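Shown next: work10.pdb, containing PDB, C-alpha atoms.
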```pdb
ATOM      1  CA  MET O1337      30.496 -74.770   4.718
ATOM      2  CA  SER O1338      28.603 -75.590   1.546
ATOM      3  CA  LEU O1339      25.941 -77.395   3.590
ATOM      4  CA  TYR O1340      25.497 -74.341   5.824
ATOM      5  CA  CYS O1341      25.205 -72.055   2.799
ATOM      6  CA  GLY O1342      22.659 -74.398   1.264
ATOM      7  CA  ILE O1343      20.505 -74.377   4.399
ATOM      8  CA  ALA O1344      20.743 -70.592   4.671
ATOM      9  CA  CYS O1345      19.731 -70.162   1.031
ATOM     10  CA  ARG O1346      16.762 -72.473   1.459
ATOM     11  CA  ARG O1347      15.626 -70.583   4.546
ATOM     12  CA  LYS O1348      15.960 -67.279   2.733
ATOM     13  CA  PHE O1349      14.024 -68.654  -0.216
ATOM     14  CA  PHE O1350      11.319 -69.973   2.122
ATOM     15  CA  TRP O1351      10.818 -66.612   3.819
ATOM     16  CA  CYS O1352      10.830 -64.733   0.521
ATOM     17  CA  TYR O1353       8.255 -67.159  -0.859
ATOM     18  CA  ARG O1354       6.136 -66.812   2.282
ATOM     19  CA  LEU O1355       6.200 -63.012   2.104
ATOM     20  CA  LEU O1356       5.311 -63.071  -1.580
ATOM     21  CA  SER O1357       2.541 -65.598  -0.989
ATOM     22  CA  THR O1358       1.082 -63.473   1.841
ATOM     23  CA  TYR O1359       1.186 -60.353  -0.303
ATOM     24  CA  VAL O1360      -0.554 -62.097  -3.202
ATOM     25  CA  THR O1361      -3.218 -63.542  -0.891
ATOM     26  CA  LYS O1362      -3.946 -60.142   0.673
ATOM     27  CA  THR O1363      -4.043 -58.455  -2.731
ATOM     28  CA  ARG O1364      -6.517 -60.995  -4.077
ATOM     29  CA  TYR O1365      -8.694 -60.681  -0.980
ATOM     30  CA  LEU O1366      -8.775 -56.885  -1.186
ATOM     31  CA  PHE O1367      -9.585 -57.059  -4.893
ATOM     32  CA  GLU O1368     -12.517 -59.344  -4.102
ATOM     33  CA  LEU O1369     -13.855 -56.922  -1.486
ATOM     34  CA  LYS O1370     -13.522 -53.986  -3.882
ATOM     35  CA  GLU O1371     -15.456 -55.777  -6.621
ATOM     36  CA  ASP O1372     -18.084 -57.618  -4.561
ATOM     37  CA  ASP O1373     -20.355 -55.440  -2.418
ATOM     38  CA  ASP O1374     -21.852 -58.413  -0.592
ATOM     39  CA  ALA O1375     -18.409 -59.780   0.295
ATOM     40  CA  CYS O1376     -17.360 -56.348   1.567
ATOM     41  CA  LYS O1377     -20.480 -56.007   3.735
ATOM     42  CA  LYS O1378     -19.735 -59.427   5.183
ATOM     43  CA  ALA O1379     -16.143 -58.364   5.879
ATOM     44  CA  GLN O1380     -17.419 -55.360   7.832
ATOM     45  CA  GLN O1381     -19.078 -57.723  10.311
ATOM     46  CA  THR O1382     -15.698 -59.011  11.505
ATOM     47  CA  GLY O1383     -13.561 -56.072  10.403
ATOM     48  CA  ALA O1384     -12.091 -53.113  12.275
ATOM     49  CA  PHE O1385     -12.722 -49.397  11.828
ATOM     50  CA  TYR O1386     -10.407 -46.406  12.128
ATOM     51  CA  LEU O1387     -12.305 -43.224  13.003
ATOM     52  CA  PHE O1388     -11.774 -39.705  11.641
ATOM     53  CA  HIS O1389     -13.409 -36.341  12.176
ATOM     54  CA  SER O1390     -13.084 -33.815   9.343
ATOM     55  CA  LEU O1391     -10.102 -35.814   8.026
ATOM     56  CA  ALA O1392      -8.359 -35.828  11.430
ATOM     57  CA  PRO O1393      -7.771 -39.388  12.735
ATOM     58  CA  LEU O1394      -8.670 -40.505  16.240
ATOM     59  CA  LEU O1395      -5.407 -41.082  18.121
ATOM     60  CA  GLN O1396      -4.387 -42.086  21.624
ATOM     61  CA  THR O1397      -1.146 -41.114  23.358
ATOM     62  CA  SER O1398       1.218 -43.780  24.636
ATOM     63  CA  ALA O1399       4.886 -43.338  25.637
ATOM     64  CA  HIS O1400       5.671 -40.298  23.486
ATOM     65  CA  GLN O1401       3.929 -41.697  20.435
ATOM     66  CA  TYR O1402       0.448 -41.943  18.984
ATOM     67  CA  LEU O1403      -1.590 -45.100  18.591
ATOM     68  CA  ALA O1404      -4.497 -45.453  16.194
ATOM     69  CA  PRO O1405      -7.272 -47.409  17.954
ATOM     70  CA  ARG O1406      -9.544 -49.710  15.985
ATOM     71  CA  HIS O1407     -13.192 -50.450  16.700
ATOM     72  CA  SER O1408     -15.445 -53.349  15.861
ATOM     73  CA  LEU O1409     -18.701 -52.914  13.989
ATOM     74  CA  LEU O1410     -20.692 -53.434  17.200
ATOM     75  CA  GLU O1411     -18.654 -50.804  19.040
ATOM     76  CA  LEU O1412     -19.142 -48.372  16.170
ATOM     77  CA  GLU O1413     -22.895 -48.956  16.036
ATOM     78  CA  ARG O1414     -23.126 -48.364  19.795
ATOM     79  CA  LEU O1415     -21.131 -45.135  19.463
ATOM     80  CA  LEU O1416     -23.289 -43.815  16.630
ATOM     81  CA  GLY O1417     -26.452 -44.629  18.539
ATOM     82  CA  LYS O1418     -25.220 -42.909  21.686
ATOM     83  CA  PHE O1419     -24.590 -39.669  19.792
ATOM     84  CA  GLY O1420     -27.785 -39.690  17.774
ATOM     85  CA  GLN O1421     -26.412 -40.874  14.449
ATOM     86  CA  ASP O1422     -27.979 -43.596  12.329
ATOM     87  CA  ALA O1423     -26.080 -46.851  11.895
ATOM     88  CA  GLN O1424     -26.544 -46.307   8.163
ATOM     89  CA  ARG O1425     -23.668 -43.853   8.527
ATOM     90  CA  ILE O1426     -21.341 -46.865   8.351
ATOM     91  CA  GLU O1427     -22.081 -47.040   4.613
ATOM     92  CA  ASP O1428     -19.782 -44.019   4.247
ATOM     93  CA  SER O1429     -16.782 -46.058   5.389
ATOM     94  CA  VAL O1430     -14.000 -47.002   2.979
ATOM     95  CA  LEU O1431     -11.800 -50.087   2.768
ATOM     96  CA  ILE O1432      -8.122 -49.285   3.433
ATOM     97  CA  GLY O1433      -6.426 -52.661   3.911
ATOM     98  CA  CYS O1434      -6.434 -55.995   5.697
ATOM     99  CA  SER O1435      -4.336 -58.150   8.000
ATOM    100  CA  GLU O1436      -2.573 -61.373   7.069
ATOM    101  CA  GLN O1437      -5.521 -63.160   8.669
ATOM    102  CA  GLN O1438      -7.871 -61.304   6.281
ATOM    103  CA  GLU O1439      -9.368 -59.006   8.875
ATOM    104  CA  ALA O1440     -10.585 -56.106   6.745
ATOM    105  CA  TRP O1441      -9.755 -52.560   7.853
ATOM    106  CA  PHE O1442     -12.061 -49.630   7.166
ATOM    107  CA  ALA O1443     -12.042 -45.875   7.810
ATOM    108  CA  LEU O1444     -15.061 -43.726   8.648
ATOM    109  CA  ASP O1445     -15.161 -39.945   8.971
ATOM    110  CA  LEU O1446     -17.756 -38.721  11.455
ATOM    111  CA  GLY O1447     -17.540 -35.077  10.442
ATOM    112  CA  LEU O1448     -17.512 -34.819   6.634
ATOM    113  CA  ASP O1449     -21.008 -35.732   5.433
ATOM    114  CA  SER O1450     -23.157 -32.600   5.304
ATOM    115  CA  SER O1451     -26.258 -34.277   6.732
ATOM    116  CA  PHE O1452     -24.369 -35.351   9.859
ATOM    117  CA  SER O1453     -21.530 -32.839  10.212
ATOM    118  CA  ILE O1454     -23.418 -30.370  12.424
ATOM    119  CA  SER O1455     -24.480 -33.089  14.842
ATOM    120  CA  ALA O1456     -21.013 -34.645  14.793
ATOM    121  CA  SER O1457     -19.347 -31.296  15.476
ATOM    122  CA  LEU O1458     -21.581 -30.707  18.480
ATOM    123  CA  HIS O1459     -20.631 -34.088  19.923
ATOM    124  CA  LYS O1460     -16.915 -34.057  19.030
ATOM    125  CA  PRO O1461     -15.596 -33.361  22.580
ATOM    126  CA  GLU O1462     -17.945 -35.966  24.016
ATOM    127  CA  MET O1463     -16.835 -38.462  21.365
ATOM    128  CA  GLU O1464     -13.198 -37.893  22.257
ATOM    129  CA  THR O1465     -13.971 -38.485  25.916
ATOM    130  CA  GLU O1466     -15.958 -41.616  25.140
ATOM    131  CA  LEU O1467     -13.240 -42.967  22.841
ATOM    132  CA  LYS O1468     -10.397 -41.954  25.197
ATOM    133  CA  GLY O1469      -8.520 -40.161  22.440
ATOM    134  CA  SER O1470      -8.357 -37.008  20.351
ATOM    135  CA  PHE O1471      -8.947 -36.189  16.696
ATOM    136  CA  ILE O1472      -5.533 -34.833  15.670
ATOM    137  CA  GLU O1473      -4.379 -33.423  12.331
ATOM    138  CA  LEU O1474      -2.465 -36.192  10.583
ATOM    139  CA  ARG O1475       0.370 -33.964   9.391
ATOM    140  CA  LYS O1476       1.161 -33.077  13.009
ATOM    141  CA  ALA O1477       1.072 -36.668  14.224
ATOM    142  CA  LEU O1478       2.449 -38.567  11.232
ATOM    143  CA  PHE O1479       6.001 -39.052  12.502
ATOM    144  CA  GLN O1480       4.842 -40.144  15.937
ATOM    145  CA  LEU O1481       2.980 -43.119  14.480
ATOM    146  CA  ASN O1482       4.410 -46.527  13.700
ATOM    147  CA  ALA O1483       5.010 -47.316  10.037
ATOM    148  CA  ARG O1484       1.858 -49.386   9.568
ATOM    149  CA  ASP O1485      -0.507 -46.856  11.121
ATOM    150  CA  ALA O1486       1.149 -43.951   9.305
ATOM    151  CA  SER O1487       0.652 -45.703   5.974
ATOM    152  CA  LEU O1488      -2.909 -46.800   6.717
ATOM    153  CA  LEU O1489      -4.055 -43.428   8.017
ATOM    154  CA  SER O1490      -2.461 -41.591   5.092
ATOM    155  CA  THR O1491      -4.273 -43.901   2.688
ATOM    156  CA  ALA O1492      -7.519 -43.499   4.612
ATOM    157  CA  GLN O1493      -7.304 -39.719   4.712
ATOM    158  CA  ALA O1494      -6.587 -39.467   0.983
ATOM    159  CA  LEU O1495      -9.472 -41.791   0.142
ATOM    160  CA  LEU O1496     -11.916 -40.015   2.462
ATOM    161  CA  ARG O1497     -10.901 -36.651   1.017
ATOM    162  CA  TRP O1498     -11.382 -37.952  -2.532
ATOM    163  CA  HIS O1499     -14.901 -39.175  -1.784
ATOM    164  CA  ASP O1500     -15.801 -35.887  -0.125
ATOM    165  CA  ALA O1501     -14.680 -33.998  -3.249
ATOM    166  CA  HIS O1502     -16.361 -36.285  -5.811
ATOM    167  CA  GLN O1503     -19.929 -36.561  -4.591
ATOM    168  CA  PHE O1504     -21.257 -35.166  -7.888
ATOM    169  CA  CYS O1505     -20.640 -36.162 -11.485
ATOM    170  CA  SER O1506     -18.496 -33.650 -13.374
ATOM    171  CA  ARG O1507     -20.553 -34.230 -16.549
ATOM    172  CA  SER O1508     -24.177 -34.499 -15.415
ATOM    173  CA  GLY O1509     -23.983 -32.704 -12.082
ATOM    174  CA  GLN O1510     -25.971 -35.541 -10.500
ATOM    175  CA  PRO O1511     -24.957 -37.181  -7.195
ATOM    176  CA  THR O1512     -22.560 -40.097  -7.542
ATOM    177  CA  LYS O1513     -22.797 -43.270  -5.479
ATOM    178  CA  LYS O1514     -19.864 -45.144  -3.961
ATOM    179  CA  ASN O1515     -19.562 -48.894  -3.838
ATOM    180  CA  VAL O1516     -19.329 -50.516  -0.410
ATOM    181  CA  ALA O1517     -15.521 -50.627  -0.389
ATOM    182  CA  GLY O1518     -15.190 -47.056  -1.603
ATOM    183  CA  SER O1519     -12.924 -48.080  -4.478
ATOM    184  CA  LYS O1520     -15.051 -46.192  -7.010
ATOM    185  CA  ARG O1521     -18.040 -43.882  -7.476
ATOM    186  CA  VAL O1522     -20.683 -44.246 -10.194
ATOM    187  CA  CYS O1523     -23.027 -41.680 -11.702
ATOM    188  CA  PRO O1524     -26.441 -43.413 -11.997
ATOM    189  CA  SER O1525     -27.563 -41.061 -14.780
ATOM    190  CA  ASN O1526     -24.811 -41.932 -17.267
ATOM    191  CA  ASN O1527     -22.902 -44.846 -15.672
ATOM    192  CA  ILE O1528     -19.603 -42.945 -15.646
ATOM    193  CA  ILE O1529     -17.227 -44.550 -13.146
ATOM    194  CA  TYR O1530     -14.785 -42.455 -11.133
ATOM    195  CA  TYR O1531     -11.720 -44.001  -9.491
ATOM    196  CA  PRO O1532      -9.486 -42.533  -6.732
ATOM    197  CA  GLN O1533      -5.993 -41.332  -7.607
ATOM    198  CA  ILE O1534      -4.260 -43.624  -3.711
ATOM    199  CA  GLN O1535      -0.356 -42.811  -6.018
ATOM    200  CA  VAL O1536       1.551 -39.486  -6.777
ATOM    201  CA  ASN O1537       0.085 -37.404  -9.614
ATOM    202  CA  LEU O1538       3.238 -36.506 -11.545
ATOM    203  CA  ARG O1539       1.376 -33.783 -13.400
ATOM    204  CA  GLU O1540       0.978 -31.944 -10.091
ATOM    205  CA  LEU O1541       4.119 -33.030  -8.200
ATOM    206  CA  GLU O1542       7.603 -33.779  -9.484
ATOM    207  CA  THR O1543       8.236 -36.329  -6.763
ATOM    208  CA  ALA O1544       7.294 -37.380  -3.224
ATOM    209  CA  ALA O1545       9.333 -39.085  -0.505
ATOM    210  CA  TRP O1546       9.537 -39.887   3.207
ATOM    211  CA  PHE O1547      12.148 -38.214   5.410
ATOM    212  CA  SER O1548      13.444 -39.168   8.854
ATOM    213  CA  HIS O1549      13.513 -36.889  11.883
ATOM    214  CA  ASP O1550      17.287 -36.419  11.522
ATOM    215  CA  GLU O1551      16.971 -35.448   7.863
ATOM    216  CA  VAL O1552      14.308 -32.859   8.637
ATOM    217  CA  ALA O1553      16.278 -31.494  11.607
ATOM    218  CA  THR O1554      19.366 -31.152   9.400
ATOM    219  CA  ALA O1555      17.357 -29.347   6.750
ATOM    220  CA  LEU O1556      16.118 -26.856   9.345
ATOM    221  CA  LYS O1557      19.724 -25.994  10.237
ATOM    222  CA  ARG O1558      20.915 -25.756   6.630
ATOM    223  CA  LYS O1559      21.907 -22.312   5.417
ATOM    224  CA  GLY O1560      23.433 -20.956   2.254
ATOM    225  CA  PRO O1561      22.622 -21.252  -1.446
ATOM    226  CA  TYR O1562      20.713 -24.126  -3.000
ATOM    227  CA  THR O1563      23.675 -25.862  -4.687
ATOM    228  CA  GLN O1564      24.052 -29.223  -6.353
ATOM    229  CA  GLN O1565      26.036 -31.841  -4.444
ATOM    230  CA  GLN O1566      28.984 -33.824  -5.808
ATOM    231  CA  ASN O1567      26.821 -36.849  -6.551
ATOM    232  CA  GLY O1568      24.573 -34.731  -8.768
ATOM    233  CA  THR O1569      21.651 -34.514  -6.333
ATOM    234  CA  PHE O1570      20.285 -31.515  -4.492
ATOM    235  CA  PRO O1571      19.988 -31.357  -0.690
ATOM    236  CA  PHE O1572      16.625 -31.620   1.009
ATOM    237  CA  TRP O1573      15.274 -28.106   1.592
ATOM    238  CA  LEU O1574      12.257 -26.878   3.512
ATOM    239  CA  PRO O1575       9.782 -24.105   2.709
ATOM    240  CA  PRO O1576      10.871 -20.570   3.733
ATOM    241  CA  LYS O1577      10.547 -19.521   7.392
ATOM    242  CA  LEU O1578       7.551 -17.295   6.678
ATOM    243  CA  ALA O1579       5.560 -20.248   5.318
ATOM    244  CA  ILE O1580       3.057 -21.953   7.615
ATOM    245  CA  SER O1581       4.346 -25.345   6.476
ATOM    246  CA  HIS O1582       7.853 -24.416   7.706
ATOM    247  CA  GLN O1583       6.520 -23.534  11.154
ATOM    248  CA  LEU O1584       4.553 -26.792  11.369
ATOM    249  CA  ILE O1585       7.656 -28.802  10.472
ATOM    250  CA  LYS O1586       9.761 -26.860  12.986
ATOM    251  CA  GLU O1587       7.140 -27.417  15.708
ATOM    252  CA  TRP O1588       7.166 -31.149  15.041
ATOM    253  CA  VAL O1589      10.986 -31.400  15.147
ATOM    254  CA  GLU O1590      11.204 -29.443  18.393
ATOM    255  CA  LYS O1591       8.462 -31.546  19.972
ATOM    256  CA  GLN O1592      10.203 -34.756  18.977
ATOM    257  CA  THR O1593      13.540 -33.508  20.330
ATOM    258  CA  CYS O1594      12.047 -32.527  23.688
ATOM    259  CA  SER O1595      10.194 -35.839  24.089
ATOM    260  CA  SER O1596      13.415 -37.794  23.521
ATOM    261  CA  LEU O1597      15.306 -35.978  26.297
ATOM    262  CA  PRO O1598      15.592 -37.754  29.658
ATOM    263  CA  ALA O1599      13.277 -36.534  32.392
TER     264      ALA O1599
END
```

Go through the file and emit its structure as structure tokens.
Amino acid sequence: MSLYCGIACRRKFFWCYRLLSTYVTKTRYLFELKEDDDACKKAQQTGAFYLFHSLAPLLQTSAHQYLAPRHSLLELERLLGKFGQDAQRIEDSVLIGCSEQQEAWFALDLGLDSSFSISASLHKPEMETELKGSFIELRKALFQLNARDASLLSTAQALLRWHDAHQFCSRSGQPTKKNVAGSKRVCPSNNIIYYPQIQVNLRELETAAWFSHDEVATALKRKGPYTQQQNGTFPFWLPPKLAISHQLIKEWVEKQTCSSLPA
């Protein structure tokens, strides 16, 4: 018995060590890409790109769920060329993560930059046809994505939105310039560095959390006063029925329920 316990403990320790080692290796690699523009450009050559349009990710439907397709640099360059956009557009991409094998993952929005947005909007339907997918609002698709894609796309959307909102220095009014990874923006006139916020701003929100389909469905059915539970916590409540956010949540729950019913 003691021998079995010893083997089990060693195996558990081995897997914990392996997970920790992988996490540390990925963190160090991402830090290198964020700090070294040349290393990040090199990583783009063998990396993969997630595509967005006006902050809506490109998704494909498969068995009642969404998949987030990835594209190589060559595929992306071919796509941009086909729709009349310069390959220099790739410089607007941002680093959002990497695999255990150190394949870097980037996100690029084809509809945000003002100099390209009109052209991109004109070609959006054709792009969706070419890419065999649709640009779908993330909040409507979030719970139909697997955990990895949901996390990556949420990170990507937040980072792309931040860059779109911080193209000018708040002090000098001059245009700011992002580094290759998109981990910061710099004002050339005064060297002020701006960094993204990617965690919850507790000055704006008290808290943030993930909720399962069952929890949201239960909250939709809940009626009565907002009372404290025996364990001291408060139940999960949704916005009022007249709120647009309530209707979006209800639509998602109903869609999920229907898709899970047998044909």

Between CA of Leu1489 (chain O) and CA of Thr1397 (chain O) - distance in Å to one decimal
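CA of Thr1397 (chain O) sits 15.8 Å away from CA of Leu1489 (chain O).
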
Show which residues sit within 9 Å of Gln1381 (chain O), as an MDAnalysis selection string. Count all atoms listed in the file, and ignore same-chain residues fewer than 6 positions away.
chainID O and resid 1408:1410

Preceding selection exported with C-alpha atoms as a tab-separated table (two decimals), in the frame of the given file:
```
chain	number	residue	atom	x	y	z
O	1408	SER	CA	-15.44	-53.35	15.86
O	1409	LEU	CA	-18.70	-52.91	13.99
O	1410	LEU	CA	-20.69	-53.43	17.20
```

Between CA of Leu1394 (chain O) and CA of Lys1460 (chain O) - distance in Å to one decimal:
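Interatomic distance, CA of Lys1460 (chain O) to CA of Leu1394 (chain O): 10.8 Å.
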
Write out as a VMD selection string each polymer residue whose atoms come within 12 Å of His1499 (chain O), counting only C-alpha atoms; drop sequence neighbours fewer than 3 positions from it.
chain O and resid 1391 1428 to 1430 1444 to 1445 1448 to 1449 1492 to 1496 1502 to 1505 1511 to 1515 1517 to 1522 1530 to 1534

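Among the candidates O:Phe1471, O:His1459, O:Phe1442, O:Leu1431, the residue lying nearest to Leu1416 (chain O) is O:His1459 (atoms considered: all atoms listed in the file).
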
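Restricting the calculation to only C-alpha atoms, the smallest distance between Ser1506 (chain O) and any of O:Leu1412, O:Ala1477, O:Ala1579, O:Ile1528 is found for O:Ile1528.
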
Which is closest to Met1463 (chain O) among O:Val1516, O:Ile1426, O:Leu1387, O:Ile1432, if we use only C-alpha atoms?
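With only C-alpha atoms as the atom set, the closest residue is O:Leu1387.
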
Pick from O:Ala1404, O:Trp1441, O:Lys1468, O:His1389: nearest to Lys1377 (chain O), with all atoms listed in the file counted?
O:Trp1441

Coordinates of box centre and edge lengths for region 1568-1587 of chain O, 4 Å on every side, axis-aligned, as JSON:
```
{"center_x": 13.8, "center_y": -26.0, "center_z": 3.5, "size_x": 29.5, "size_y": 25.4, "size_z": 32.5}
```

Run through the PyMOL selection byres ((chain O and resi 1584) around 12) on the given coordinates and return the selected residues as a short mmCIF file (atom, residue, chain, number, x, y, z; two decimals) with C-alpha atoms, in the frame of the given file.
```cif
data_model
loop_
_atom_site.label_atom_id
_atom_site.label_comp_id
_atom_site.auth_asym_id
_atom_site.auth_seq_id
_atom_site.Cartn_x
_atom_site.Cartn_y
_atom_site.Cartn_z
CA GLU O 1473 -4.38 -33.42 12.33
CA LEU O 1474 -2.46 -36.19 10.58
CA ARG O 1475 0.37 -33.96 9.39
CA LYS O 1476 1.16 -33.08 13.01
CA ALA O 1477 1.07 -36.67 14.22
CA LEU O 1478 2.45 -38.57 11.23
CA VAL O 1552 14.31 -32.86 8.64
CA LEU O 1556 16.12 -26.86 9.35
CA LEU O 1574 12.26 -26.88 3.51
CA PRO O 1575 9.78 -24.10 2.71
CA PRO O 1576 10.87 -20.57 3.73
CA LYS O 1577 10.55 -19.52 7.39
CA LEU O 1578 7.55 -17.30 6.68
CA ALA O 1579 5.56 -20.25 5.32
CA ILE O 1580 3.06 -21.95 7.62
CA SER O 1581 4.35 -25.34 6.48
CA HIS O 1582 7.85 -24.42 7.71
CA GLN O 1583 6.52 -23.53 11.15
CA ILE O 1585 7.66 -28.80 10.47
CA LYS O 1586 9.76 -26.86 12.99
CA GLU O 1587 7.14 -27.42 15.71
CA TRP O 1588 7.17 -31.15 15.04
CA VAL O 1589 10.99 -31.40 15.15
CA GLU O 1590 11.20 -29.44 18.39
CA LYS O 1591 8.46 -31.55 19.97
#
```

Proximity to Leu1369 (chain O) - best of O:Asn1482, O:Ser1487, O:Ser1398, O:Gln1438, only C-alpha atoms:
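Among the listed residues, O:Gln1438 lies closest to Leu1369 (chain O).
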
Would you work out the distance separating CA of Glu1466 (chain O) from CA of Glu1439 (chain O), expressed in Å to one decimal?
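So the answer is 24.7 Å.
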
Counting all atoms listed in the file, figure out which residue out of O:Pro1393, O:Gly1433, O:Pro1461, O:Gly1383 gets nearest to Glu1411 (chain O).
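The answer is O:Gly1383, which sits nearest to Glu1411 (chain O).
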